[in-house]
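*Asks:* What follows is a single structure, and I will ask about it in a moment.
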2 protein chains.
Amino acid sequence: MSKTVSTKQEKRPVSPPKGIDEIAARRRIIIEGVKPEVDAGRYPIKRVQGDRVLVEVNLVADGHDELAGVVRFRHSEAKRFSETPLEPLGNDRWRAAFTVTTLGRYLYTFAAWVDHFASWRAAIVKKAQTGENIEVDMLIGAALIREAAQRAKGEASRELRQIADRIGESRSTVAKRIELVVSERVRQLMQAYPNLRYATEYPRELGVVVDRKLARFGAWYEMFPRSCTNDPNRHGTFKDCEKRLAYVASMGFDIVYLPPIHPIGTTHRKGKNNSVVCTARDPGCPWAIGDADGGHKAVHRELGSLEEFRSLTKQAEKHGLEIALDIAFQASPDHPYVKAHPSWFRQRPDGSVQYAENPPKKYQDLYPLNFDTDDWPALWSELKSIFDFWIEQGVRIFRVDNPHTKPFVFWEWLISQIKARHPDVILLSEAFTRPKIMYALSKLGFTQSYTYFTWRNTKKELTEYLTELTRTEVFDFFGPNLWTNTPDILHEVLQHGGRPAFISRLVLAATLGTSYGVYGPAFELCINTPREPGSEEYLDSEKYEIKAWQLDRPESLRGLIAQINRIRNSNEALHSNHDLVFHPTDNDHLICYSKRSADRTNTLLVAVNLDYQNTQSGRTNLSLNELGLGNDQWFEVTDLLTGASYSWHGAYNYIELNPGNLPAHIFLVRY
Amino acid sequence: MSKTVSTKQEKRPVSPPKGIDEIAARRRIIIEGVKPEVDAGRYPIKRVQGDRVLVEVNLVADGHDELAGVVRFRHSEAKRFSETPLEPLGNDRWRAAFTVTTLGRYLYTFAAWVDHFASWRAAIVKKAQTGENIEVDMLIGAALIREAAQRAKGEASRELRQIADRIGESRSTVAKRIELVVSERVRQLMQAYPNLRYATEYPRELGVVVDRKLARFGAWYEMFPRSCTNDPNRHGTFKDCEKRLAYVASMGFDIVYLPPIHPIGTTHRKGKNNSVVCTARDPGCPWAIGDADGGHKAVHRELGSLEEFRSLTKQAEKHGLEIALDIAFQASPDHPYVKAHPSWFRQRPDGSVQYAENPPKKYQDLYPLNFDTDDWPALWSELKSIFDFWIEQGVRIFRVDNPHTKPFVFWEWLISQIKARHPDVILLSEAFTRPKIMYALSKLGFTQSYTYFTWRNTKKELTEYLTELTRTEVFDFFGPNLWTNTPDILHEVLQHGGRPAFISRLVLAATLGTSYGVYGPAFELCINTPREPGSEEYLDSEKYEIKAWQLDRPESLRGLIAQINRIRNSNEALHSNHDLVFHPTDNDHLICYSKRSADRTNTLLVAVNLDYQNTQSGRTNLSLNELGLGNDQWFEVTDLLTGASYSWHGAYNYIELNPGNLPAHIFLVRY
């Protein structure tokens with residue numbers, strides 16, 4: 001039975017197992033469950049300047065030792081990582097935060113280690129209470145402190161050695177030594193010189209794209225430059241646009257987005273209402289880009305000169321506005337690319353060029369680019385040069401048309417190239433397609449994206465969609481921009497709901513979205529006649545003709561828009577979506593939600609009537625703790641739209657909204 | 001205004017962007033959202049032989065083309081991957097399955113590509129319906145087929161060329177050619193020879209550990225070999241154990257797990273009820289391993305010889321049982337390691353060896369191993385040799401004591417080493433600690449784990465816990481083994497609930513768990529006196545003394561256990577937890593859940609009364625679709641415990657359970 005272990009083993013050293021060195025063998029912590037982390041770190045998260053990036057990880061270790069860890073972070077151009085300690089949340093979950101201050105890209109990662117000194121300290125404090133002899137344990141602690149002294153330098157090292165001596169000094173009382181062990185000074189010193197030899201380092205460095213604040217928080221106004229006159233027979237110019245800037249600025253918008261400003265093709269040009277019959281007077285659709293005058297780097301002759309465009313951007317700046325341009329990578333048959341680069345288009349066996357089609361629909365005025373061309377390096381390079389060109393003219397914001405019909409790898413390359421040199425550039429993806437494709441484009445670089453907001457109209461739809469956008473990992477990479485309408489989308493709720501619907505949708509977009517947009521002046525003038533019943537196209541759409549808008553019509557929402565944008569600007573709660581909470585009401589027509597500023601000093605509560613015909617009333621069931629309110633607390637809500645104040649109490653409060661009057665409250669909550 | 005693009009670009013070739021070659025530039029699909037995938041592929045999933053592994057991915061691509069993809073899989077020892085096509089589920093989600101038949105490790109990964117032929121086919125079928133001229137389109141399709149012909153060989157290549165000719169043949173009717181285009185034969189041929197040049201390959205190969213079925217589905221019986229006599233004054237032997245096998249087998253168990261069978265230390269040996277006072281007659285605790293006779297590779301002198309142990313394993317086999325051993329990596333002060341390898345233990349400054357402690361508790365009879373030793377390669381190697389030794393004696397199942405107090409990296413190495421040579425080995429982790437640590441041990445290799453089941457007793461607790469284990473990613477790596485009791489855990493529901501509680505907990509363990517265990521004969525004899533009130537320790541625990549159990553006591557659950565294990569074995573629904581569904585009832589004491597076999601031919605519905613004092617009745621609210629039942633359907637349920645049958649109808653059905661009689665139904669559902 002005496003099958004004992006041979007003592008020979010003590011004599012010949014055993015070689016370490018294959019692939020495991022001493023460091024690997026003694027790393028005791030697994031770092032996992034990192035949040036935020038998009039697709040195992042394949043894509044960066046997005047934040048804006050000044051954001052506190054909250055990170056969480058699991059630190060999982062064997063045994064009962066105390067652990068310590070840090071998040072390490074740096075701007076990609078900084079040489080060294082900074083560190084912030086991770087704080088335990090319980091159940092092996094840890095949290096830290098760091099602030100991103102510089103535009104561009106940050107990297108963050110984690111390290112964690114067993115804190116033998118803290119483990120020893122926790123044990124000795126317990127043991128000391130039992131009154132047993134702990135001299136030997138004190139020697140163990142003193143040895144750990146001496147090890148730290150070796151890692152420290154100069155004064156700190158000397159101080160640590162002195163502390164070790166005092167703790168190992170058996171003539172001193174236990175109480176006195178324990179007091180020293182748990183002192184803040186010892187804690188600080190020991191924390192400053194941890195033993196990182198066996199630290200686990202998280203294997204990935206994760207990215208943060210840091211944009212300027214306008215990338216998250218901004219009000220967009222889309223307008224057609226050619227319609228900036230009061231005369232339908234005169235083609236508007238950049239000079240006319242300049243005159244229109246004061247009007248747009250008076251409504252409090254931040255960004256003026258212009259549809260394409262390039263020469264418009266004449267071959268197969270579309271007439272009014274997208275007709276295939278086109279008269280000589282029809283100005284064409286701005287998205288049919290290119291004619292003999294030039295393509296994506298040229299300016300439509302009738303709008304003016306490139307100098308005048310630059311002047312427009314400068315004037316906009318004076319009004320506190322920024323110009324956003326439309327980038328639509330497609331060509332009219334007259335675009336110079338078609339002759340100069342035939343391989344950039346799909347050639348058919350009969351020698352014709354493939355136009356856009358979606359059987360049975362045909363778009364003979366548009367040639368898609370052929371990204372399958374063997375000449376793709378030249379194509380990519382040329383397309384990048386289009387962005388470079390307009391960036392050189394002072395443009396920093398681009399709305400990109402249909403990016404989901406061009407390869408993802410192209411966009412990832414293009415955007416990384418652009419943002420490496422110009423981290424202030426903002427790109428809005430106009431990908432109206434399936435969710436995973438929209439999300440993919442955002443992951444690989446687009447700053448913002450159009451959303452399904454326009455088609456989310458019921459309380460259930462809005463709640464579910466905004467919850468997906470703000471409470472799931474989508475929040476980390478997707479920058480939603482909520483549009484009330486676009487030249488392509490006049491939703492039936494606007495067609496049938498009239499002015500109350502316009503107001504409700506405006507309030508929803510401006511308060512649910514940190515970024516939102518309207519296509520004007522069609523929006524503020526409540527234009528709502530579709531081309532035909534069931535269509536989302538506008539009748540006599542500005543896409544195919546010049547409009548002269550009567551801006552001073554009395555029913556214009558201009559004043560209300562100005563008021564709502566003022567409310568947005570002066571209430572920090574609306575500048576982020578980190579804290580959007582939906583509160584139940586007992587009426588399905590009444591939607592209610594709140595937002596709070598990061599510092600909790602600003603809380604807004606919004607209620608909107610989604611029935612555009614009838615007055616609706618009901619009671620809220622507020623999630624009081626989400627509002628920072630006690631169960632039995634009185635508080636004051638002031639409607640920032642009307643100035644009216646109400647004393648509210650607890651979760652249940654009465655709301656009544658008459659769409660004929662004002663279908664929404666934007667309450668400031670005070671207590 | 002004539003800022004056109006220079007045509008010079010056509011002449012000088014542009015070099016490709018840095019880091020992007022032609023292949024990368026033309027890969028159009030992103031593969032993401034892979035399920036199952038544990039921690040970005042860092043850890044394998046677990047399955048058993050014969051399982052169909054269901055996998056899902058997102059295939060996200062630009063544009064409107066048709067896509068195709070496959071899951072690729074192979075046993076680690078196979079040279080080539082097999083493939084199964086992915087099938088679309090809608091919204092860019094795709095699914096496939098493959099079956100794992102061989103023990104060991106499988107790898108799986110994905111590839112996807114744009115199917116230009118399928119895209120062309122979809123468009124031409126639509127176009128053909130409009131009646132327009134599609135001769136040019138037919139030529140495009142013919143060209144795609146000729147490309148496939150080039151990839152094919154021999155007869156297939158010839159056939160594809162002929163098909164291309166017929167499709168390009170303008171004298172043939174469109175209808176005839178479309179018929180050919182959409183024919184199954186063309187579909188097959190084109191699918192067989194896809195253009196994989198620009199296929200996206202998923203960057204990771206994911207692992208599947210494939211165990212034998214007993215790794216998932218088995219009933220465990222823990223017993224102390226030294227108590228296998230009927231005489232409390234005689235130390236049981238392996239020979240006595242052999243005699244006990246028939247008894248265990250008669251209850252239908254699959255695995256007999258023996259606490260450590262090694263020599264027990266005498267220094268600081270614990271007496272009855274874990275007393276520090278120990279008499280000469282006290283046999284000691286089997287987990288205090290090692291004395292002068294030997295350590296982990298030795299057999300306790302009083303149990304018999306190694307030959308007798310081997311005989312026991314052979315006899316067990318004859319009874320359809322497998323022996324599981326306990327591996328507890330710790331030493332009594334008398335273990336030969338202590339002298340032979342002092343560095344494997346923590347040496348204190350006073351020359352003593354650090355014993356286990358959890359202040360103020362001390363375990364002077366136990367020395368933990370010091371994994372921080374510089375001699376770790378020898379320590380690891382020696383510990384591995386312990387497993388190798390017992391594997392050589394014919395043992396394939398190990399219950400590992402407190403693995404969470406030894407480094408993760410050690411276990412990952414050890415288990416991968418063991419399973420590489422012996423993929424039939426099953427390791428049960430006895431880590432009663434925080435959830436993330438238990439899960440980490442499972443991820444890095446343990447086949448099974450003890451769970452919190454013992455402390456989950458209310459309907460809410462059981463529902464939440466089993467949902468976490470079966471409906472989240474935990475399901476993919478964690479093999480729960482539900483124990484009614486252990487020598488360390490006599491839960492208060494058993495202490496106070498008496499026989500009805502024993503029955504209910506047995507039914508719950510045996511039907512909620514695919515693997516479950518009891519510590520007997522204490523369990524079947526309903527032993528339920530704690531050492532003191534509030535303690536989960538048994539009074540006069542077998543851990544510290546020899547017991548002579550009266551197996552034939554009339555209140556023994558032996559018959560019921562046999563019946564339940566028969567039900568388990570003959571109902572496929574209980575062999576897996578993939579389909580565990582909880583059904584609401586209107587009584588919080590009544591828990592109700594169902595399981596179905598993968599082929600849906602076997603459906604069980606279990607109802608248990610969690611009130612061990614009073615009869616409880618109530619109505620189910622069955623999720624009928626989860627049971628494969630229509631809303632208004634009659635069906636028959638037969639209680640496999642009593643044989644009674646009931647006609648049930650719809651979701652609401654009456655249940656009444658008297659704990660004094662039988663506190664559970666195990667219904668077979670028939671329709």
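A note on labels: chains of the structure tokens are A, B, ... as shown, every chain counts residues from 1, and ligands are counted from 1 in their shown order.
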Got a sec: who's within 10 Å of Leu466 (chain B), counting only C-alpha atoms, leaving out chain neighbours fewer than 2 positions off, as a VMD selection string?

*Replies:* chain B and resid 452 to 453 456 461 to 464 468 to 472 475 480 512 to 513 577 580 to 582

*Asks:* Going by DSSP on the backbone, which residues of region 67-149 of chain A come out as alpha helix (DSSP H)? List them as a ChimeraX atom specification.

*Replies:* /A:116-130,135-149

*Asks:* Applying 10 Å and only C-alpha atoms, which residues near Ser429 (chain B) remain after dropping the ones on its own chain fewer than 6 positions away? List them as a list in words.

*Replies:*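 So, after excluding close chain neighbours, the residues are Ile327, Phe398, Arg399, Val400, Asp401, Asn402, Pro403, His404, Met438, Leu441, Ser442, Gly445, Phe446, Thr447, Gln448, Ser449, Tyr450, Thr451, Gly479, Pro480 and Asn481 of chain B.
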
*Asks:* Within 12 Å of Gly497 (chain B), counting only C-alpha atoms, which residues qualify if same-chain residues fewer than 4 places away don't, as a ChimeraX atom specification?

*Replies:* /B:457,490-493,501-505,526-529,609-614,659-660,663

*Asks:* Can I get the selection written as a short mmCIF file (atom, residue, chain, number, x, y, z; two decimals), in the first residue's frame, with N, CA and C atoms?

*Replies:*
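The file below, selection.cif, is the result:
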data_model
loop_
_atom_site.label_atom_id
_atom_site.label_comp_id
_atom_site.auth_asym_id
_atom_site.auth_seq_id
_atom_site.Cartn_x
_atom_site.Cartn_y
_atom_site.Cartn_z
N ASN B 457 -35.42 27.01 -3.86
CA ASN B 457 -36.55 26.21 -3.41
C ASN B 457 -37.92 26.77 -3.74
N LEU B 490 -27.26 19.73 4.06
CA LEU B 490 -28.59 19.25 4.39
C LEU B 490 -29.45 20.52 4.49
N HIS B 491 -30.12 20.83 3.40
CA HIS B 491 -30.82 22.12 3.36
C HIS B 491 -32.00 22.13 4.33
N GLU B 492 -32.37 23.31 4.80
CA GLU B 492 -33.44 23.41 5.81
C GLU B 492 -34.79 22.93 5.28
N VAL B 493 -35.01 22.97 3.96
CA VAL B 493 -36.30 22.43 3.49
C VAL B 493 -36.37 20.93 3.75
N ALA B 501 -40.80 16.74 1.41
CA ALA B 501 -39.75 17.59 0.85
C ALA B 501 -38.71 16.75 0.12
N PHE B 502 -38.34 15.60 0.70
CA PHE B 502 -37.38 14.72 0.03
C PHE B 502 -37.93 14.29 -1.34
N ILE B 503 -39.22 13.96 -1.38
CA ILE B 503 -39.80 13.51 -2.65
C ILE B 503 -39.84 14.64 -3.66
N SER B 504 -40.32 15.80 -3.21
CA SER B 504 -40.41 16.93 -4.15
C SER B 504 -39.05 17.31 -4.69
N ARG B 505 -38.07 17.40 -3.80
CA ARG B 505 -36.74 17.79 -4.25
C ARG B 505 -36.14 16.73 -5.17
N CYS B 526 -34.16 9.52 4.20
CA CYS B 526 -34.74 10.79 4.69
C CYS B 526 -34.10 11.25 6.01
N ILE B 527 -32.79 11.02 6.13
CA ILE B 527 -32.06 11.52 7.31
C ILE B 527 -32.07 13.04 7.24
N ASN B 528 -32.52 13.70 8.30
CA ASN B 528 -32.64 15.16 8.20
C ASN B 528 -32.40 15.91 9.50
N THR B 529 -31.54 15.37 10.37
CA THR B 529 -31.24 16.10 11.60
C THR B 529 -29.93 16.85 11.44
N ASN B 609 -45.71 20.21 -5.88
CA ASN B 609 -46.17 21.03 -4.76
C ASN B 609 -44.98 21.40 -3.89
N LEU B 610 -44.70 22.69 -3.79
CA LEU B 610 -43.54 23.14 -3.01
C LEU B 610 -43.91 23.44 -1.57
N ASP B 611 -45.16 23.21 -1.21
CA ASP B 611 -45.58 23.32 0.19
C ASP B 611 -45.58 21.91 0.75
N TYR B 612 -44.66 21.66 1.70
CA TYR B 612 -44.48 20.28 2.15
C TYR B 612 -45.40 19.92 3.31
N GLN B 613 -46.25 20.89 3.73
CA GLN B 613 -47.19 20.63 4.82
C GLN B 613 -48.62 20.44 4.32
N ASN B 614 -49.02 21.24 3.34
CA ASN B 614 -50.44 21.32 2.99
C ASN B 614 -50.72 20.91 1.55
N PRO B 659 -49.15 16.61 -0.16
CA PRO B 659 -47.77 16.21 0.17
C PRO B 659 -47.73 14.94 1.02
N GLY B 660 -48.79 14.70 1.77
CA GLY B 660 -48.82 13.48 2.58
C GLY B 660 -48.91 12.24 1.71
N PRO B 663 -46.37 14.44 -3.64
CA PRO B 663 -46.41 15.89 -3.92
C PRO B 663 -46.08 16.25 -5.36
#

*Asks:* Write out as number ranges by chain each polymer residue whose atoms come within 6 Å of region 407-422 of chain B, counting only C-alpha atoms; drop sequence neighbours fewer than 4 positions from it.

*Replies:* A: 28, 62; B: 444-445

*Asks:* Under the rule that only C-alpha atoms are counted, which of A:Phe389, A:Tyr646, A:Tyr671, A:Tyr516 is the nearest residue to chain B?

*Replies:*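 Of A:Phe389, A:Tyr646, A:Tyr671, A:Tyr516, the one nearest chain B, counting only C-alpha atoms, is A:Phe389.
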
*Asks:* I want to know what sits within 12 Å of region 331-335 of chain B, based on only C-alpha atoms, with residues of the same chain fewer than 2 positions away left out; could you give that as a PyMOL selection string?

*Replies:* (chain A and resi 2-5) or (chain B and resi 260+262-270+284-298+327-329+337-342+344-345+352-356+363-370)

*Asks:* Measuring atom to atom with only C-alpha atoms, identify which of B:Val299, B:Ile163, B:Ala128, B:Val208 is nearest to chain A.

*Replies:* B:Val299

*Asks:* Write out as JSON, numbers by chain all residues of region 136-334 of chain A that backbone DSSP assigns to strand (DSSP E).

*Replies:* {"A": [200, 201, 206, 207, 208, 209, 210, 211, 218, 219, 220, 221, 222, 255, 256, 257, 258, 322, 323, 324, 325, 326, 327, 330, 331]}

*Asks:* Can you write out the residues you just picked, keeping N, CA, C and O atoms, as a CSV table (one decimal), in the first residue's frame?

*Replies:*
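Result file out.csv:
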chain,number,residue,atom,x,y,z
A,200,THR,N,-2.9,40.1,-15.3
A,200,THR,CA,-3.6,39.7,-16.6
A,200,THR,C,-3.8,41.0,-17.4
A,200,THR,O,-4.4,42.0,-16.8
A,201,GLU,N,-3.4,41.0,-18.6
A,201,GLU,CA,-3.8,42.1,-19.5
A,201,GLU,C,-4.8,41.6,-20.4
A,201,GLU,O,-4.7,40.6,-21.0
A,206,LEU,N,-9.5,48.2,-27.3
A,206,LEU,CA,-10.8,48.6,-27.8
A,206,LEU,C,-10.8,50.1,-28.2
A,206,LEU,O,-10.1,50.9,-27.6
A,207,GLY,N,-11.5,50.4,-29.3
A,207,GLY,CA,-11.5,51.7,-29.8
A,207,GLY,C,-12.7,52.6,-29.4
A,207,GLY,O,-13.8,52.1,-29.1
A,208,VAL,N,-12.4,53.9,-29.3
A,208,VAL,CA,-13.5,54.9,-29.1
A,208,VAL,C,-13.3,55.9,-30.2
A,208,VAL,O,-12.2,56.5,-30.2
A,209,VAL,N,-14.3,56.1,-31.0
A,209,VAL,CA,-14.2,57.3,-31.9
A,209,VAL,C,-14.8,58.5,-31.2
A,209,VAL,O,-16.0,58.4,-30.7
A,210,VAL,N,-14.0,59.5,-31.0
A,210,VAL,CA,-14.5,60.7,-30.3
A,210,VAL,C,-14.8,61.8,-31.3
A,210,VAL,O,-13.9,62.2,-32.0
A,211,ASP,N,-16.1,62.2,-31.4
A,211,ASP,CA,-16.5,63.2,-32.3
A,211,ASP,C,-16.8,64.5,-31.5
A,211,ASP,O,-16.8,64.5,-30.3
A,218,GLY,N,-27.7,67.9,-32.4
A,218,GLY,CA,-27.8,68.9,-33.4
A,218,GLY,C,-29.2,68.8,-34.1
A,218,GLY,O,-29.8,67.8,-34.2
A,219,ALA,N,-29.6,70.0,-34.5
A,219,ALA,CA,-30.9,70.1,-35.3
A,219,ALA,C,-30.6,70.4,-36.7
A,219,ALA,O,-29.9,71.3,-37.0
A,220,TRP,N,-31.1,69.5,-37.6
A,220,TRP,CA,-30.8,69.6,-39.0
A,220,TRP,C,-32.0,70.2,-39.8
A,220,TRP,O,-33.2,69.9,-39.5
A,221,TYR,N,-31.7,70.9,-40.8
A,221,TYR,CA,-32.7,71.5,-41.6
A,221,TYR,C,-32.3,71.3,-43.1
A,221,TYR,O,-31.2,71.7,-43.5
A,222,GLU,N,-33.1,70.5,-43.8
A,222,GLU,CA,-32.8,70.2,-45.2
A,222,GLU,C,-33.5,71.2,-46.1
A,222,GLU,O,-34.7,71.4,-45.9
A,255,ILE,N,-27.7,72.8,-38.4
A,255,ILE,CA,-27.1,72.3,-39.6
A,255,ILE,C,-28.0,72.5,-40.8
A,255,ILE,O,-29.2,72.2,-40.6
A,256,VAL,N,-27.5,73.1,-41.8
A,256,VAL,CA,-28.4,73.2,-43.1
A,256,VAL,C,-27.8,72.2,-44.0
A,256,VAL,O,-26.7,72.3,-44.5
A,257,TYR,N,-28.7,71.2,-44.4
A,257,TYR,CA,-28.2,70.2,-45.3
A,257,TYR,C,-28.8,70.5,-46.7
A,257,TYR,O,-30.0,70.6,-46.9
A,258,LEU,N,-27.9,70.5,-47.7
A,258,LEU,CA,-28.3,70.8,-49.0
A,258,LEU,C,-28.2,69.5,-49.9
A,258,LEU,O,-27.2,68.8,-49.9
A,322,GLU,N,-24.0,75.3,-39.8
A,322,GLU,CA,-23.0,74.6,-40.6
A,322,GLU,C,-23.6,74.0,-41.8
A,322,GLU,O,-24.8,73.5,-41.7
A,323,ILE,N,-23.0,74.1,-42.9
A,323,ILE,CA,-23.5,73.5,-44.2
A,323,ILE,C,-23.2,72.0,-44.2
A,323,ILE,O,-22.0,71.6,-44.1
A,324,ALA,N,-24.2,71.2,-44.5
A,324,ALA,CA,-23.9,69.8,-44.8
A,324,ALA,C,-24.2,69.5,-46.2
A,324,ALA,O,-25.2,69.9,-46.8
A,325,LEU,N,-23.3,68.8,-46.9
A,325,LEU,CA,-23.5,68.4,-48.3
A,325,LEU,C,-23.9,67.0,-48.4
A,325,LEU,O,-23.7,66.1,-47.6
A,326,ASP,N,-24.5,66.7,-49.6
A,326,ASP,CA,-25.0,65.4,-49.9
A,326,ASP,C,-24.0,64.7,-50.8
A,326,ASP,O,-23.5,65.3,-51.8
A,327,ILE,N,-23.6,63.5,-50.5
A,327,ILE,CA,-22.7,62.8,-51.3
A,327,ILE,C,-23.4,61.6,-51.8
A,327,ILE,O,-23.8,60.7,-51.1
A,330,GLN,N,-23.2,58.1,-57.6
A,330,GLN,CA,-23.9,57.6,-58.7
A,330,GLN,C,-23.8,58.6,-59.8
A,330,GLN,O,-23.4,59.8,-59.5
A,331,ALA,N,-24.1,58.3,-61.0
A,331,ALA,CA,-23.8,59.2,-62.1
A,331,ALA,C,-25.0,59.3,-63.1
A,331,ALA,O,-25.7,58.3,-63.3

*Asks:* Extract, using only C-alpha atoms, all DNA, RNA and protein residues at most 10 Å from Pro521 (chain A), discarding same-chain residues fewer than 6 positions from it, and format them as a list in words.

*Replies:*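 The filter keeps Tyr221, Glu222, Met223, Phe224, Ser227, Cys228, Val248, Ile527, Lys547, Ala548, Trp549, Gln550, Leu551, Ser556, Leu557 and Arg558 of chain A.
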
*Asks:* To one decimal place, how far is CA of Ala149 (chain A) from CA of Tyr193 (chain A) in Å?

*Replies:*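 According to the coordinates, CA of Ala149 (chain A) and CA of Tyr193 (chain A) are separated by 7.9 Å.
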
*Asks:* Please report the interatomic distance between CA of Ala664 (chain B) and CA of Leu605 (chain B) in Å with one decimal.

*Replies:* 10.6 Å

*Asks:* So what do you get for CA of Glu169 (chain B) versus CA of Thr130 (chain B), distance-wise?

*Replies:*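 Those two atoms sit 19.9 Å apart.
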
*Asks:* Could you check the closest approach to chain B for each of A:Leu214, A:Leu383, A:Ala607, A:Leu539 and tell me which residue wins, using only C-alpha atoms?

*Replies:*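 For chain B, the nearest of the given residues is A:Leu383.
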
*Asks:* Considering only C-alpha atoms, can you say which of B:Asp254, B:Glu382, B:Glu77, B:Glu317 comes closest to chain A?

*Replies:*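 Using only C-alpha atoms, chain A sits closest to B:Glu382.
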